[in-house]
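Student: File run39.cif follows (mmCIF, C-alpha atoms):
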```cif
data_work
#
loop_
_atom_site.group_PDB
_atom_site.id
_atom_site.type_symbol
_atom_site.label_atom_id
_atom_site.label_comp_id
_atom_site.auth_asym_id
_atom_site.auth_seq_id
_atom_site.Cartn_x
_atom_site.Cartn_y
_atom_site.Cartn_z
ATOM 1 C CA MET A 1 15.098 93.793 -7.589
ATOM 2 C CA SER A 2 17.613 92.335 -10.057
ATOM 3 C CA LEU A 3 19.266 94.788 -12.478
ATOM 4 C CA GLN A 4 21.751 94.490 -15.329
ATOM 5 C CA PHE A 5 24.223 97.143 -16.496
ATOM 6 C CA ALA A 6 26.510 97.127 -19.521
ATOM 7 C CA LYS A 7 30.183 98.056 -19.228
ATOM 8 C CA GLY A 8 30.531 101.832 -18.819
ATOM 9 C CA GLN A 9 26.893 102.391 -17.840
ATOM 10 C CA VAL A 10 26.302 104.788 -14.942
ATOM 11 C CA ILE A 11 24.322 103.223 -12.075
ATOM 12 C CA PHE A 12 23.910 106.461 -10.132
ATOM 13 C CA ARG A 13 25.627 109.849 -10.086
ATOM 14 C CA GLU A 14 27.245 111.929 -7.378
ATOM 15 C CA GLY A 15 24.612 114.233 -5.881
ATOM 16 C CA ASP A 16 21.625 111.989 -6.711
ATOM 17 C CA ASN A 17 19.313 111.213 -3.806
ATOM 18 C CA GLY A 18 20.160 107.826 -2.357
ATOM 19 C CA GLU A 19 17.004 105.745 -1.943
ATOM 20 C CA SER A 20 18.439 102.234 -2.240
ATOM 21 C CA PHE A 21 21.627 100.197 -1.873
ATOM 22 C CA PHE A 22 23.077 97.489 -4.109
ATOM 23 C CA VAL A 23 24.739 94.083 -3.868
ATOM 24 C CA VAL A 24 27.055 93.069 -6.717
ATOM 25 C CA ASP A 25 25.893 89.624 -7.843
ATOM 26 C CA LYS A 26 28.228 89.476 -10.834
ATOM 27 C CA GLY A 27 30.856 91.833 -12.266
ATOM 28 C CA THR A 28 32.588 94.912 -10.868
ATOM 29 C CA VAL A 29 31.487 98.481 -10.134
ATOM 30 C CA GLY A 30 33.870 101.452 -10.100
ATOM 31 C CA ILE A 31 33.217 104.239 -7.588
ATOM 32 C CA TYR A 32 34.347 107.726 -8.687
ATOM 33 C CA THR A 33 34.335 111.292 -7.441
ATOM 34 C CA ASN A 34 34.125 114.144 -9.971
ATOM 35 C CA TYR A 35 33.274 111.604 -12.675
ATOM 36 C CA GLU A 36 33.874 112.772 -16.251
ATOM 37 C CA THR A 37 35.657 115.951 -15.112
ATOM 38 C CA ASP A 38 39.325 116.951 -15.139
ATOM 39 C CA SER A 39 39.575 116.052 -11.444
ATOM 40 C CA GLN A 40 37.983 112.586 -11.782
ATOM 41 C CA GLN A 41 39.280 110.183 -9.144
ATOM 42 C CA LYS A 42 38.564 106.488 -8.737
ATOM 43 C CA LEU A 43 37.958 105.620 -5.104
ATOM 44 C CA THR A 44 37.567 101.857 -5.292
ATOM 45 C CA ASP A 45 36.266 98.818 -7.164
ATOM 46 C CA VAL A 46 33.283 96.985 -5.676
ATOM 47 C CA LYS A 47 33.506 93.295 -6.515
ATOM 48 C CA GLU A 48 31.097 90.375 -6.462
ATOM 49 C CA GLY A 49 29.408 89.804 -3.107
ATOM 50 C CA HIS A 50 30.082 93.331 -1.858
ATOM 51 C CA ILE A 51 27.762 96.277 -1.228
ATOM 52 C CA PHE A 52 27.696 99.919 -2.353
ATOM 53 C CA GLY A 53 25.306 102.824 -1.888
ATOM 54 C CA GLU A 54 25.031 101.807 1.763
ATOM 55 C CA MET A 55 24.395 105.338 3.053
ATOM 56 C CA ALA A 56 20.841 104.894 1.781
ATOM 57 C CA LEU A 57 20.328 102.282 4.496
ATOM 58 C CA VAL A 58 19.392 104.984 6.975
ATOM 59 C CA ASP A 59 18.043 107.910 4.946
ATOM 60 C CA ALA A 60 17.941 109.402 1.453
ATOM 61 C CA PHE A 61 21.443 110.823 1.713
ATOM 62 C CA PRO A 62 22.813 112.444 -1.480
ATOM 63 C CA ARG A 63 25.203 110.124 -3.277
ATOM 64 C CA SER A 64 28.789 111.073 -2.438
ATOM 65 C CA ALA A 65 30.204 109.450 -5.581
ATOM 66 C CA THR A 66 29.287 108.068 -9.004
ATOM 67 C CA ALA A 67 28.930 104.313 -9.554
ATOM 68 C CA VAL A 68 29.822 102.913 -12.999
ATOM 69 C CA ALA A 69 29.776 99.321 -14.252
ATOM 70 C CA SER A 70 33.399 98.366 -14.994
ATOM 71 C CA GLU A 71 32.196 95.357 -16.976
ATOM 72 C CA ASP A 72 28.841 93.758 -17.747
ATOM 73 C CA THR A 73 27.372 93.620 -14.260
ATOM 74 C CA GLU A 74 24.388 92.177 -12.415
ATOM 75 C CA LEU A 75 23.107 93.854 -9.228
ATOM 76 C CA SER A 76 20.434 93.340 -6.613
ATOM 77 C CA GLU A 77 18.802 96.600 -5.505
ATOM 78 C CA PHE A 78 17.184 97.017 -2.075
ATOM 79 C CA LYS A 79 14.938 99.922 -1.087
ATOM 80 C CA LEU A 80 14.908 101.446 2.402
ATOM 81 C CA ASP A 81 11.787 99.558 3.491
ATOM 82 C CA GLU A 82 13.487 96.272 2.565
ATOM 83 C CA VAL A 83 16.444 96.638 4.957
ATOM 84 C CA LYS A 84 15.032 94.552 7.821
ATOM 85 C CA GLY A 85 14.112 91.727 5.478
ATOM 86 C CA PHE A 86 17.548 91.922 3.842
ATOM 87 C CA PHE A 87 19.255 91.545 7.229
ATOM 88 C CA GLU A 88 16.955 88.679 8.212
ATOM 89 C CA ASN A 89 17.860 86.810 5.026
ATOM 90 C CA ASN A 90 21.531 87.879 5.029
ATOM 91 C CA PRO A 91 22.668 88.232 8.672
ATOM 92 C CA ASP A 92 26.263 87.765 7.551
ATOM 93 C CA LYS A 93 26.009 91.081 5.645
ATOM 94 C CA ILE A 94 25.450 93.181 8.801
ATOM 95 C CA LYS A 95 29.165 93.273 9.585
ATOM 96 C CA LEU A 96 29.993 94.044 5.948
ATOM 97 C CA ILE A 97 27.572 96.972 5.779
ATOM 98 C CA LEU A 98 28.687 98.480 9.086
ATOM 99 C CA THR A 99 32.317 98.077 7.991
ATOM 100 C CA GLU A 100 31.577 99.846 4.691
ATOM 101 C CA LEU A 101 29.970 102.765 6.570
ATOM 102 C CA ALA A 102 32.923 102.983 8.948
ATOM 103 C CA GLY A 103 35.258 102.937 5.944
ATOM 104 C CA ASN A 104 33.382 105.877 4.427
ATOM 105 C CA LEU A 105 33.718 107.759 7.684
ATOM 106 C CA SER A 106 37.430 106.983 7.942
ATOM 107 C CA ARG A 107 38.106 108.044 4.324
ATOM 108 C CA LEU A 108 36.107 111.248 4.747
ATOM 109 C CA THR A 109 37.987 112.010 7.968
ATOM 110 C CA GLY A 110 41.277 111.740 6.080
ATOM 111 C CA GLU A 111 40.050 114.071 3.327
ATOM 112 C CA TYR A 112 38.744 116.543 5.889
ATOM 113 C CA ASN A 113 42.044 116.523 7.787
ATOM 114 C CA GLU A 114 43.876 117.203 4.509
ATOM 115 C CA VAL A 115 41.699 120.269 3.843
ATOM 116 C CA CYS A 116 42.199 121.491 7.430
ATOM 117 C CA SER A 117 45.956 121.104 7.016
ATOM 118 C CA THR A 118 45.795 123.122 3.780
ATOM 119 C CA ILE A 119 43.852 125.905 5.525
ATOM 120 C CA LYS A 120 46.549 126.184 8.194
ATOM 121 C CA GLU A 121 49.191 126.569 5.459
ATOM 122 C CA LEU A 122 47.340 129.247 3.448
ATOM 123 C CA TYR A 123 48.876 132.219 5.230
ATOM 124 C CA PRO A 124 52.092 131.160 7.012
ATOM 125 C CA ALA A 125 53.814 133.579 9.348
ATOM 126 C CA ASN A 126 56.777 133.973 6.985
ATOM 127 C CA GLU A 127 54.345 134.536 4.056
ATOM 128 C CA GLU A 128 56.086 131.847 1.987
ATOM 129 C CA ARG A 129 53.816 129.039 0.894
ATOM 130 C CA LYS A 130 55.090 125.562 0.140
ATOM 131 C CA PRO A 131 55.209 124.969 -3.654
ATOM 132 C CA SER A 132 53.061 121.831 -3.235
ATOM 133 C CA LEU A 133 50.188 123.872 -1.791
ATOM 134 C CA ALA A 134 49.053 125.146 -5.200
ATOM 135 C CA ASP A 135 47.992 121.675 -6.397
ATOM 136 C CA LYS A 136 46.152 121.033 -3.111
ATOM 137 C CA ILE A 137 44.240 124.308 -3.423
ATOM 138 C CA LYS A 138 43.307 123.540 -7.044
ATOM 139 C CA LYS A 139 41.946 120.115 -6.056
ATOM 140 C CA ILE A 140 39.917 121.501 -3.136
ATOM 141 C CA VAL A 141 38.479 124.329 -5.270
ATOM 142 C CA ALA A 142 37.383 121.810 -7.927
ATOM 143 C CA ASN A 143 35.747 119.621 -5.271
ATOM 144 C CA TYR A 144 33.902 122.563 -3.763
ATOM 145 C CA GLU A 145 32.621 123.780 -7.133
ATOM 146 C CA LEU A 146 31.093 120.341 -7.686
ATOM 147 C CA MET A 147 29.671 120.015 -4.149
ATOM 148 C CA SER A 148 28.193 123.515 -4.164
ATOM 149 C CA LYS A 149 25.876 122.510 -7.019
ATOM 150 C CA SER A 150 24.085 120.079 -4.702
ATOM 151 C CA ASN A 151 21.523 121.201 -2.145
ATOM 152 C CA GLN A 152 23.199 121.632 1.235
ATOM 153 C CA PRO A 153 21.563 119.862 4.197
ATOM 154 C CA SER A 154 19.286 121.773 6.547
ATOM 155 C CA ALA A 155 19.978 122.207 10.262
ATOM 156 C CA GLU A 156 17.230 119.694 11.025
ATOM 157 C CA PHE A 157 18.827 117.109 8.740
ATOM 158 C CA LEU A 158 22.129 117.534 10.584
ATOM 159 C CA ARG A 159 20.604 117.132 14.045
ATOM 160 C CA GLU A 160 21.019 113.750 15.685
ATOM 161 C CA THR A 161 17.720 112.192 16.646
ATOM 162 C CA GLY A 162 17.286 111.034 20.219
ATOM 163 C CA GLN A 163 18.051 107.372 20.690
ATOM 164 C CA SER A 164 16.766 106.518 24.148
ATOM 165 C CA GLY A 165 16.738 103.040 25.582
ATOM 166 C CA HIS A 166 20.278 101.937 24.651
ATOM 167 C CA LYS A 167 20.350 99.808 27.815
ATOM 168 C CA ASP A 168 17.001 98.184 27.008
ATOM 169 C CA GLY A 169 16.853 94.696 25.555
ATOM 170 C CA PHE A 170 19.567 92.110 24.991
ATOM 171 C CA ALA A 171 23.156 93.075 25.786
ATOM 172 C CA LYS A 172 26.000 90.571 25.845
ATOM 173 C CA LYS A 173 28.906 92.287 27.639
ATOM 174 C CA VAL A 174 28.208 95.125 30.134
ATOM 175 C CA GLU A 175 30.754 96.349 32.717
ATOM 176 C CA LYS A 176 31.069 99.178 35.246
ATOM 177 C CA TYR A 177 34.148 101.411 35.431
ATOM 178 C CA LYS A 178 35.558 103.745 38.064
ATOM 179 C CA LYS A 179 36.266 107.411 37.398
ATOM 180 C CA GLY A 180 39.603 107.813 35.633
ATOM 181 C CA THR A 181 39.623 104.339 34.061
ATOM 182 C CA VAL A 182 41.181 104.371 30.580
ATOM 183 C CA ILE A 183 38.816 102.408 28.339
ATOM 184 C CA PHE A 184 41.245 102.381 25.417
ATOM 185 C CA ARG A 185 44.362 104.326 24.488
ATOM 186 C CA GLU A 186 45.324 106.322 21.423
ATOM 187 C CA GLY A 187 47.384 104.110 19.115
ATOM 188 C CA GLU A 188 45.976 100.786 20.319
ATOM 189 C CA MET A 189 44.254 98.569 17.759
ATOM 190 C CA GLY A 190 40.466 98.747 17.999
ATOM 191 C CA ARG A 191 38.975 95.479 19.267
ATOM 192 C CA CYS A 192 35.378 96.510 19.990
ATOM 193 C CA MET A 193 32.992 99.478 20.098
ATOM 194 C CA TYR A 194 31.093 100.750 23.128
ATOM 195 C CA ASP A 195 27.564 101.832 24.006
ATOM 196 C CA ILE A 196 27.231 104.089 27.065
ATOM 197 C CA HIS A 197 24.415 102.824 29.296
ATOM 198 C CA TYR A 198 25.248 105.153 32.177
ATOM 199 C CA GLY A 199 27.914 107.737 32.994
ATOM 200 C CA THR A 200 30.254 109.969 31.023
ATOM 201 C CA ILE A 201 33.221 109.346 28.707
ATOM 202 C CA GLY A 202 35.895 111.876 27.743
ATOM 203 C CA ILE A 203 37.642 111.531 24.372
ATOM 204 C CA TYR A 204 41.214 112.898 24.425
ATOM 205 C CA THR A 205 44.252 113.257 22.220
ATOM 206 C CA ASP A 206 47.713 113.152 23.842
ATOM 207 C CA TYR A 207 46.099 112.036 27.099
ATOM 208 C CA GLY A 208 48.311 112.429 30.157
ATOM 209 C CA THR A 209 50.806 114.715 28.394
ATOM 210 C CA PRO A 210 51.252 118.523 28.398
ATOM 211 C CA LYS A 211 49.492 118.530 24.980
ATOM 212 C CA GLU A 212 46.380 116.783 26.313
ATOM 213 C CA LYS A 213 43.196 117.959 24.623
ATOM 214 C CA CYS A 214 39.600 116.909 25.271
ATOM 215 C CA LEU A 215 37.884 116.501 21.909
ATOM 216 C CA THR A 216 34.440 115.813 23.289
ATOM 217 C CA THR A 217 32.431 114.495 26.227
ATOM 218 C CA LEU A 218 29.964 111.685 25.605
ATOM 219 C CA TYR A 219 26.969 110.789 27.751
ATOM 220 C CA ALA A 220 24.492 107.922 28.098
ATOM 221 C CA ASP A 221 22.910 106.547 24.914
ATOM 222 C CA LYS A 222 25.950 107.319 22.754
ATOM 223 C CA PHE A 223 28.302 104.993 20.863
ATOM 224 C CA PHE A 224 32.066 105.382 20.507
ATOM 225 C CA GLY A 225 35.055 103.429 19.214
ATOM 226 C CA GLU A 226 33.215 102.033 16.186
ATOM 227 C CA VAL A 227 35.653 103.172 13.469
ATOM 228 C CA GLY A 228 38.731 101.604 15.056
ATOM 229 C CA MET A 229 36.871 98.343 15.585
ATOM 230 C CA LEU A 230 35.137 98.100 12.206
ATOM 231 C CA GLY A 231 38.124 99.373 10.246
ATOM 232 C CA ASN A 232 40.658 97.348 12.252
ATOM 233 C CA GLU A 233 42.582 100.596 12.700
ATOM 234 C CA PRO A 234 44.563 102.107 15.593
ATOM 235 C CA ARG A 235 42.557 104.252 17.986
ATOM 236 C CA THR A 236 42.865 107.926 17.068
ATOM 237 C CA ALA A 237 42.132 109.079 20.637
ATOM 238 C CA THR A 238 41.977 107.905 24.258
ATOM 239 C CA ALA A 239 38.637 107.219 25.997
ATOM 240 C CA VAL A 240 38.398 107.798 29.763
ATOM 241 C CA ALA A 241 35.556 107.267 32.259
ATOM 242 C CA LEU A 242 34.762 110.641 33.858
ATOM 243 C CA GLU A 243 32.583 109.422 36.733
ATOM 244 C CA ASP A 244 32.207 106.378 38.966
ATOM 245 C CA ASN A 245 29.882 103.555 37.950
ATOM 246 C CA THR A 246 30.147 104.419 34.268
ATOM 247 C CA MET A 247 28.437 101.474 32.587
ATOM 248 C CA LEU A 248 29.478 100.404 29.095
ATOM 249 C CA GLU A 249 28.320 97.691 26.737
ATOM 250 C CA ALA A 250 31.204 96.278 24.679
ATOM 251 C CA ILE A 251 30.127 95.202 21.183
ATOM 252 C CA TYR A 252 32.373 93.004 19.035
ATOM 253 C CA THR A 253 31.922 92.301 15.335
ATOM 254 C CA ASP A 254 31.180 88.650 16.105
ATOM 255 C CA ASP A 255 28.193 89.835 18.178
ATOM 256 C CA PHE A 256 26.348 91.540 15.303
ATOM 257 C CA GLU A 257 24.289 88.588 14.085
ATOM 258 C CA GLU A 258 23.183 87.569 17.589
ATOM 259 C CA LEU A 259 22.512 91.195 18.478
ATOM 260 C CA PHE A 260 20.283 91.610 15.422
ATOM 261 C CA GLN A 261 18.350 88.448 16.244
ATOM 262 C CA LYS A 262 17.781 89.354 19.921
ATOM 263 C CA ASN A 263 17.808 93.168 19.855
ATOM 264 C CA PRO A 264 17.442 94.451 16.250
ATOM 265 C CA ALA A 265 16.829 98.009 17.485
ATOM 266 C CA LYS A 266 20.497 98.166 18.588
ATOM 267 C CA ILE A 267 21.740 97.469 15.051
ATOM 268 C CA GLU A 268 19.422 100.196 13.744
ATOM 269 C CA MET A 269 20.848 102.578 16.363
ATOM 270 C CA ILE A 270 24.409 101.810 15.243
ATOM 271 C CA LEU A 271 23.461 102.438 11.606
ATOM 272 C CA LYS A 272 21.863 105.770 12.513
ATOM 273 C CA HIS A 273 24.890 106.738 14.596
ATOM 274 C CA LEU A 274 27.317 106.101 11.742
ATOM 275 C CA SER A 275 25.034 107.919 9.324
ATOM 276 C CA PHE A 276 24.846 110.927 11.628
ATOM 277 C CA ARG A 277 28.631 111.119 11.984
ATOM 278 C CA ILE A 278 29.065 110.961 8.201
ATOM 279 C CA ARG A 279 26.403 113.654 7.650
ATOM 280 C CA ARG A 280 27.997 116.028 10.149
ATOM 281 C CA LEU A 281 31.516 115.425 8.885
ATOM 282 C CA THR A 282 30.392 115.957 5.282
ATOM 283 C CA TYR A 283 28.886 119.288 6.345
ATOM 284 C CA GLU A 284 32.141 120.338 8.048
ATOM 285 C CA TYR A 285 34.154 119.146 5.049
ATOM 286 C CA VAL A 286 32.109 121.287 2.653
ATOM 287 C CA ASN A 287 32.526 124.323 4.936
ATOM 288 C CA ALA A 288 36.285 123.784 5.102
ATOM 289 C CA CYS A 289 36.482 123.478 1.307
ATOM 290 C CA LYS A 290 34.465 126.705 1.005
ATOM 291 C CA LEU A 291 37.033 128.585 3.069
ATOM 292 C CA VAL A 292 39.813 127.458 0.714
ATOM 293 C CA TYR A 293 37.621 128.331 -2.275
ATOM 294 C CA ASP A 294 36.881 131.831 -0.912
ATOM 295 C CA ALA A 295 40.584 132.429 -0.279
ATOM 296 C CA ALA A 296 41.484 131.288 -3.808
ATOM 297 C CA GLN A 297 38.816 133.507 -5.377
ATOM 298 C CA ALA A 298 39.978 136.506 -3.323
ATOM 299 C CA GLU A 299 43.536 135.963 -4.523
ATOM 300 C CA LEU A 300 42.389 135.816 -8.144
ATOM 301 C CA ARG A 301 40.661 139.171 -7.627
ATOM 302 C CA GLN A 302 43.667 140.431 -5.656
ATOM 303 C CA SER A 303 41.310 141.286 -2.813
ATOM 304 C CA VAL A 304 42.593 139.174 0.070
ATOM 305 C CA ASN A 305 41.707 140.975 3.295
ATOM 306 C CA ASP A 306 42.486 140.528 6.974
ATOM 307 C CA GLU A 307 39.125 138.821 7.599
ATOM 308 C CA ILE A 308 39.913 135.932 5.259
ATOM 309 C CA LYS A 309 43.414 135.576 6.700
ATOM 310 C CA LYS A 310 42.017 135.595 10.238
ATOM 311 C CA LYS A 311 39.440 132.909 9.421
ATOM 312 C CA ALA A 312 42.155 130.683 7.972
ATOM 313 C CA GLN A 313 44.630 131.261 10.782
ATOM 314 C CA GLU A 314 42.024 130.654 13.505
ATOM 315 C CA TYR A 315 40.315 127.714 11.811
ATOM 316 C CA SER A 316 40.021 124.605 13.949
ATOM 317 C CA SER A 317 38.739 121.203 12.882
ATOM 318 C CA LYS A 318 35.415 119.879 14.172
ATOM 319 C CA LEU A 319 35.572 116.114 14.105
ATOM 320 C CA TYR A 320 33.351 115.692 17.164
ATOM 321 C CA ASP A 321 30.119 117.380 18.240
#
```
So that I can check it, write out the structure of this file as structure tokens.

Tutor:
Amino acid sequence: MSLQFAKGQVIFREGDNGESFFVVDKGTVGIYTNYETDSQQKLTDVKEGHIFGEMALVDAFPRSATAVASEDTELSEFKLDEVKGFFENNPDKIKLILTELAGNLSRLTGEYNEVCSTIKELYPANEERKPSLADKIKKIVANYELMSKSNQPSAEFLRETGQSGHKDGFAKKVEKYKKGTVIFREGEMGRCMYDIHYGTIGIYTDYGTPKEKCLTTLYADKFFGEVGMLGNEPRTATAVALEDNTMLEAIYTDDFEELFQKNPAKIEMILKHLSFRIRRLTYEYVNACKLVYDAAQAELRQSVNDEIKKKAQEYSSKLYD
């Protein structure tokens, strides 16, 4: 469907149900959080040939931002049931869409880490907060007040659906690894993502050092390494094979078009995987913001108690499930 928007016209608002995505045919679209509020922030400009609203590709996910025409703009709108046809007619857009989703996940991860860092600084041992913390708290409180107006997702919505059969169908590059093999190291540039056909993968920070920490353990029919690859970013953790004969399929961005043609279910699985990670991280982000909000409200009422301090001091991030 072809649509036209005048400069300044809102295309969709933060919190609306996402039931379609858009391609910019002509013009520019600004993407904002907290639009038309004191804490309004422009995230990016979407230019001709690019896509926005891509979270709707997998399910009717609430819009995480407001889209506004920055100039007179022409868009093509695609509903959920038109995705397969869109990919068939635009195979070159598969990489773009997956990259956009990975970018959303990376940006949200950064925002979540910032909130977690703020929580750890709320009640320092010496009871002296950094002067810069006040502005951070104000920003987080404003974000939470806006997010709390939207319906929060149910437990069922946050549950990852089973994706069996990852090893079925066309696969281009599959290799076996011995127990203890480092698949990639923290800090290396991401070159590809992986699909576990068999075996177990451990995801670690500070691997091989006294600070080593296992973030999660991944089993068959799971993906990993997609953000580093799609975002062309350094790996944020180290991946290690935890048992012999661990079998992994390496997927490179140049493989997407061929993979869609010969095994379209795999592309759908990758989309669902990215969507699930964004849903879960959004949920954790809202919960983290709520803790800062509750602490700020308690301080305004001069009713800070040991329970709030304990929650803040013991809070730990949950980037992996």

Student: Using Å and a single decimal, report how far CA of Glu314 in chain A sits from CA of Ala296 in chain A.

Tutor: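 CA of Glu314 in chain A lies 17.3 Å from CA of Ala296 in chain A.
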
Student: Find the distance between CA of Gly202 in chain A and CA of Ser106 in chain A and write it in Å to one decimal.

Tutor: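 Atom-to-atom, CA of Gly202 in chain A and CA of Ser106 in chain A are spaced 20.5 Å apart.
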
Student: Restricting the calculation to all atoms listed in the file, which member of A:Val240, A:Ala125, A:Leu75, A:Ile267 is positioned closest to Gly199 in chain A?

Tutor: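 With all atoms listed in the file as the atom set, the closest residue is A:Val240.
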
Student: Could you tell me, as a list of chain:residue names, exactly which residues end up selected when the PyMOL selection byres ((chain A and resi 27) around 10) is applied to this structure?

Tutor: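 The output of the PyMOL selection byres ((chain A and resi 27) around 10) on this file is A:Gln4, A:Phe5, A:Ala6, A:Lys7, A:Val24, A:Asp25, A:Lys26, A:Thr28, A:Val29, A:Val46, A:Lys47, A:Glu48, A:Gly49, A:Ala69, A:Ser70, A:Glu71, A:Asp72, A:Thr73, A:Glu74, A:Leu75.
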
Student: I'd like to know which of A:Ala298, A:Ile140, A:Ala250, A:Ala134 is closest to Glu114 in chain A, using all atoms listed in the file.

Tutor: A:Ile140

Student: Would you write out, as a PyMOL selection string, every residue that the PyMOL selection byres ((chain A and resi 180-194) around 8) captures in this file?

Tutor: chain A and resi 177-179+195-196+205-206+223-230+232-243+248-253

Student: For this structure, which residues satisfy the selection - the PyMOL selection byres ((chain A and resi 54) around 12) - when it is evaluated on the file as given? I want them as number ranges by chain.

Tutor: A: 18-23, 50-53, 55-65, 77-80, 83, 93-94, 96-104, 271-272, 274-275, 278

Student: Hey, can you check how far CA of Lys262 in chain A sits from CA of Arg279 in chain A?

Tutor: 28.6 Å

Student: Report as lines of an AutoDock Vina configuration file the centre and the edge lengths, in Å to one decimal, of the axis-aligned box holding every listed atom of range 251-268 of chain A, padded by 8 Å on each side.

Tutor:
```
center_x = 24.6
center_y = 93.9
center_z = 17.5
size_x = 31.5
size_y = 28.6
size_z = 23.4
```

Student: Have range 217-238 of chain A completed to N, CA and C atoms, please, and pass it along as a PDB file, in the coordinates of the input.

Tutor:
```pdb
ATOM      1  N   THR A 217      32.935 115.249  25.086  1.00  0.00           N
ATOM      2  CA  THR A 217      32.431 114.495  26.227  1.00  0.00           C
ATOM      3  C   THR A 217      31.155 113.789  25.787  1.00  0.00           C
ATOM      4  N   LEU A 218      31.094 112.496  26.037  1.00  0.00           N
ATOM      5  CA  LEU A 218      29.964 111.685  25.605  1.00  0.00           C
ATOM      6  C   LEU A 218      29.171 111.198  26.811  1.00  0.00           C
ATOM      7  N   TYR A 219      27.859 111.162  26.651  1.00  0.00           N
ATOM      8  CA  TYR A 219      26.969 110.789  27.751  1.00  0.00           C
ATOM      9  C   TYR A 219      26.190 109.521  27.400  1.00  0.00           C
ATOM     10  N   ALA A 220      25.277 109.141  28.291  1.00  0.00           N
ATOM     11  CA  ALA A 220      24.492 107.922  28.098  1.00  0.00           C
ATOM     12  C   ALA A 220      23.762 107.934  26.761  1.00  0.00           C
ATOM     13  N   ASP A 221      23.593 106.748  26.195  1.00  0.00           N
ATOM     14  CA  ASP A 221      22.910 106.547  24.914  1.00  0.00           C
ATOM     15  C   ASP A 221      23.724 107.078  23.735  1.00  0.00           C
ATOM     16  N   LYS A 222      25.055 106.980  23.854  1.00  0.00           N
ATOM     17  CA  LYS A 222      25.950 107.319  22.754  1.00  0.00           C
ATOM     18  C   LYS A 222      26.887 106.140  22.496  1.00  0.00           C
ATOM     19  N   PHE A 223      27.312 105.998  21.240  1.00  0.00           N
ATOM     20  CA  PHE A 223      28.302 104.993  20.863  1.00  0.00           C
ATOM     21  C   PHE A 223      29.662 105.669  20.692  1.00  0.00           C
ATOM     22  N   PHE A 224      30.728 104.892  20.863  1.00  0.00           N
ATOM     23  CA  PHE A 224      32.066 105.382  20.507  1.00  0.00           C
ATOM     24  C   PHE A 224      32.973 104.185  20.232  1.00  0.00           C
ATOM     25  N   GLY A 225      34.067 104.459  19.506  1.00  0.00           N
ATOM     26  CA  GLY A 225      35.055 103.429  19.214  1.00  0.00           C
ATOM     27  C   GLY A 225      34.718 102.538  18.031  1.00  0.00           C
ATOM     28  N   GLU A 226      33.670 102.921  17.252  1.00  0.00           N
ATOM     29  CA  GLU A 226      33.215 102.033  16.186  1.00  0.00           C
ATOM     30  C   GLU A 226      34.158 102.006  14.982  1.00  0.00           C
ATOM     31  N   VAL A 227      34.812 103.130  14.667  1.00  0.00           N
ATOM     32  CA  VAL A 227      35.653 103.172  13.469  1.00  0.00           C
ATOM     33  C   VAL A 227      36.895 102.311  13.638  1.00  0.00           C
ATOM     34  N   GLY A 228      37.550 102.416  14.798  1.00  0.00           N
ATOM     35  CA  GLY A 228      38.731 101.604  15.056  1.00  0.00           C
ATOM     36  C   GLY A 228      38.424 100.117  15.000  1.00  0.00           C
ATOM     37  N   MET A 229      37.263  99.748  15.559  1.00  0.00           N
ATOM     38  CA  MET A 229      36.871  98.343  15.585  1.00  0.00           C
ATOM     39  C   MET A 229      36.504  97.831  14.200  1.00  0.00           C
ATOM     40  N   LEU A 230      35.616  98.554  13.515  1.00  0.00           N
ATOM     41  CA  LEU A 230      35.137  98.100  12.206  1.00  0.00           C
ATOM     42  C   LEU A 230      36.215  98.186  11.133  1.00  0.00           C
ATOM     43  N   GLY A 231      37.075  99.200  11.239  1.00  0.00           N
ATOM     44  CA  GLY A 231      38.124  99.373  10.246  1.00  0.00           C
ATOM     45  C   GLY A 231      39.414  98.667  10.598  1.00  0.00           C
ATOM     46  N   ASN A 232      39.436  98.006  11.777  1.00  0.00           N
ATOM     47  CA  ASN A 232      40.658  97.348  12.252  1.00  0.00           C
ATOM     48  C   ASN A 232      41.837  98.317  12.210  1.00  0.00           C
ATOM     49  N   GLU A 233      41.595  99.532  12.728  1.00  0.00           N
ATOM     50  CA  GLU A 233      42.582 100.596  12.700  1.00  0.00           C
ATOM     51  C   GLU A 233      42.998 100.979  14.118  1.00  0.00           C
ATOM     52  N   PRO A 234      44.165 101.623  14.266  1.00  0.00           N
ATOM     53  CA  PRO A 234      44.563 102.107  15.593  1.00  0.00           C
ATOM     54  C   PRO A 234      43.596 103.179  16.089  1.00  0.00           C
ATOM     55  N   ARG A 235      43.403 103.217  17.393  1.00  0.00           N
ATOM     56  CA  ARG A 235      42.557 104.252  17.986  1.00  0.00           C
ATOM     57  C   ARG A 235      43.181 105.623  17.737  1.00  0.00           C
ATOM     58  N   THR A 236      42.367 106.577  17.345  1.00  0.00           N
ATOM     59  CA  THR A 236      42.865 107.926  17.068  1.00  0.00           C
ATOM     60  C   THR A 236      42.804 108.818  18.303  1.00  0.00           C
ATOM     61  N   ALA A 237      42.244 108.294  19.408  1.00  0.00           N
ATOM     62  CA  ALA A 237      42.132 109.079  20.637  1.00  0.00           C
ATOM     63  C   ALA A 237      42.035 108.117  21.816  1.00  0.00           C
ATOM     64  N   THR A 238      42.099 108.681  23.025  1.00  0.00           N
ATOM     65  CA  THR A 238      41.977 107.905  24.258  1.00  0.00           C
ATOM     66  C   THR A 238      40.612 108.164  24.888  1.00  0.00           C
TER      67      THR A 238
END
```
